[in-house]
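Notes follow once the structure below has been shown.
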Amino acid sequence: MKVASSLPHRVSWIGIAFFVTLLCSFIWVTSIILATFTPPKFDKDVIRKIAERAVDLPREEAFRNVSKELQAAFPQLIYDSKWIFINAGGWMGSFYLLHASLTEYVLLFGTAIETSGHSGRYWIDIYDTLLRGTFYQWSEGTTHYVTYSAGDTIYHPRLSATAVHWKEDTWMLEYARGPIISSLLFALSDSMFSTQDWLTIYKSVQIYGRMVIQSLIRFQI
Ligand SMILES: *[C@@H]1O[C@H](CO)[C@@H](O)[C@H](O)[C@H]1NC(C)=O
């Protein structure tokens, strides 16, 4: 009797787990294929040059300047946004999403106070151009760190990992290409398992979701 009643129950859980796994695999594979075979909407060198031109401006003016210049260079791709905290890899920062789709994102990122931790090991390629401040990076397999300052661009290739340390008042323009969804779990990791800041998780998922939909509506993937 007991076996008979618990069996359908067990089967339905297996069914749900199977469905979720299938759905995740589908999204994962689809976004890898899209990221590999669709041409990028952004030019990473144009993004870098826009950041380089803004390095001497005061902080808030630099942010405004960069988003206006991006709007001019990539019309229809830059969206309204707001600063949202991000806790991941032991560090704490803030990001201002300017564009996000299934295959690319552009954002302002930085920190007002000194912070450090693990860069994250992503399936996407990331390019950071420092607008101001100081960034120490210790790469895997080395025994020393490298110092970057305003105007420098740091390339973080997919599947690489580094130790990162940002001094106070360090800000950058970041561009990434690849299956963006794969980086979301790391971006939310400390908010989930350390700070339990559910509001930050909600805001992050909401803004990413909104921009992906905005992009899809314009037939951008
Ligand atoms: C951004 O700053 C640069 C350098 O100061 C300037 O040449 C450019 O006109 C500014 N762009 C906007 C849209 O304010």
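Within each chain, counting starts at residue 1; across the structure tokens, chains are named A, B, ... in the order shown, with ligands numbered 1 upward in that order.
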Exercise for the section: May I have the residues within 9 Å of A:Ile126 as a count of residues only, using only C-alpha atoms and disregarding those fewer than 4 positions away in the same chain? Expected result: 11
Sorted by chain and rising residue number, which residues of chain A lie within 8 Å of ligand 1, and what are their closest atom pairs and distances in Å to one decimal, counting only C-alpha atoms and all ligand atoms, as CSV?
residue,atom,partner,partner_atom_place_in_ligand_line,distance
A:Ile50,CA,ligand 1,1 (C),7.9
A:Arg53,CA,ligand 1,4 (C),5.1
A:Ala54,CA,ligand 1,2 (O),5.2
A:Asp56,CA,ligand 1,5 (O),7.1
A:Leu57,CA,ligand 1,5 (O),6.5
A:Ala62,CA,ligand 1,2 (O),7.3
A:Arg64,CA,ligand 1,14 (O),7.4
A:Asn65,CA,ligand 1,1 (C),4.7
A:Val66,CA,ligand 1,1 (C),6.8
A:Lys68,CA,ligand 1,13 (C),5.0
A:Glu69,CA,ligand 1,13 (C),5.1
Selection file, C-alpha atoms, as a PDB file, in the first residue's frame:
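Okay, this is what ended up in again-v4.pdb:
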ATOM      1  CA  ILE A  50      34.597  55.805 -25.562  1.00  0.00           C
ATOM      2  CA  ARG A  53      38.028  59.512 -23.790  1.00  0.00           C
ATOM      3  CA  ALA A  54      36.127  59.837 -20.489  1.00  0.00           C
ATOM      4  CA  ASP A  56      39.709  62.730 -17.191  1.00  0.00           C
ATOM      5  CA  LEU A  57      36.106  63.648 -16.415  1.00  0.00           C
ATOM      6  CA  ALA A  62      32.165  60.355 -16.938  1.00  0.00           C
ATOM      7  CA  ARG A  64      26.840  60.388 -18.245  1.00  0.00           C
ATOM      8  CA  ASN A  65      29.365  60.997 -20.988  1.00  0.00           C
ATOM      9  CA  VAL A  66      29.941  57.284 -21.573  1.00  0.00           C
ATOM     10  CA  LYS A  68      25.564  59.367 -24.159  1.00  0.00           C
ATOM     11  CA  GLU A  69      28.492  58.417 -26.381  1.00  0.00           C
TER      12      GLU A  69
END
Exercise for the section: Within stretch 74-112 of chain A, find each residue whose DSSP state, derived from the backbone, is strand (DSSP E), and express the selection as a VMD selection string. Expected result: chain A and resid 83 to 88 91 to 100 104 to 111
Save out the residues we just selected, C-alpha atoms, as a tab-separated table (two decimals), in the first residue's frame.
chain	number	residue	atom	x	y	z
A	83	TRP	CA	22.78	51.24	-9.99
A	84	ILE	CA	22.34	47.80	-8.42
A	85	PHE	CA	24.60	46.12	-5.87
A	86	ILE	CA	26.40	42.93	-6.78
A	87	ASN	CA	27.93	40.48	-4.30
A	88	ALA	CA	29.94	37.65	-5.84
A	91	TRP	CA	33.68	41.13	-3.29
A	92	MET	CA	30.99	43.80	-3.36
A	93	GLY	CA	30.43	46.23	-6.19
A	94	SER	CA	27.71	48.04	-8.06
A	95	PHE	CA	26.67	47.78	-11.71
A	96	TYR	CA	24.68	49.97	-14.05
A	97	LEU	CA	23.41	47.86	-16.93
A	98	LEU	CA	23.37	49.76	-20.25
A	99	HIS	CA	22.61	46.88	-22.57
A	100	ALA	CA	21.88	43.19	-22.12
A	104	GLU	CA	26.18	40.51	-25.05
A	105	TYR	CA	26.09	43.07	-22.27
A	106	VAL	CA	27.52	46.54	-21.65
A	107	LEU	CA	27.61	48.00	-18.16
A	108	LEU	CA	29.32	50.39	-15.83
A	109	PHE	CA	30.85	48.59	-12.88
A	110	GLY	CA	32.82	49.63	-9.86
A	111	THR	CA	33.07	50.18	-6.18
Problem - One-decimal distance in Å that lies between atom CA of A:Ile27 and atom CA of A:Ser12 - result: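 Atom-to-atom, atom CA of A:Ser12 to atom CA of A:Ile27, that is 22.4 Å.
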Practice task
Just the residues within 8 Å of stretch 161-163 of chain A, please, counting only C-alpha atoms, with nothing from its chain fewer than 3 positions along; format it as a ChimeraX atom specification.
Solution key: /A:116-121,137-140
Practice task
Do a neighbour search on A:His165 at 6 Å with only C-alpha atoms, toss out local chain neighbours closer than 2 positions, and write the hits as a ChimeraX atom specification.
Solution key: /A:115-116,135-136
Show me, as CSV, the residues of stretch 164-196 of chain A having an atom within 10 Å of stretch 205-208 of chain A, each with the closest atom pair and its distance in Å, using only C-alpha atoms.
residue,atom,partner,partner_atom,distance
A:Ile180,CA,A:Tyr208,CA,9.8
A:Ile181,CA,A:Tyr208,CA,9.4
A:Leu184,CA,A:Val205,CA,8.5
A:Leu188,CA,A:Val205,CA,9.0
With N, CA and C atoms retained, export the selected residues as a CSV table (one decimal), in the first residue's frame.
chain,number,residue,atom,x,y,z
A,180,ILE,N,25.4,34.9,-22.0
A,180,ILE,CA,25.3,35.7,-20.8
A,180,ILE,C,24.7,35.0,-19.6
A,181,ILE,N,23.6,34.2,-19.9
A,181,ILE,CA,22.9,33.5,-18.9
A,181,ILE,C,23.8,32.7,-18.0
A,184,LEU,N,25.1,34.4,-14.9
A,184,LEU,CA,24.2,35.0,-14.0
A,184,LEU,C,24.3,34.4,-12.6
A,188,LEU,N,25.0,36.3,-8.9
A,188,LEU,CA,24.0,36.3,-7.8
A,188,LEU,C,24.5,35.4,-6.6
Practice task
Mind the document's chain letters and residue numbers, and return as a PyMOL selection string the residues of stretch 76-200 of chain A that DSSP labels alpha helix (DSSP H).
Solution key: chain A and resi 181-187+189-193+198-200
Problem - Atomic separation - atom CA of A:Gln220 relative to atom CA of A:Lys41, Å - result: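 Atom CA of A:Gln220 lies at a distance of 8.2 Å from atom CA of A:Lys41.
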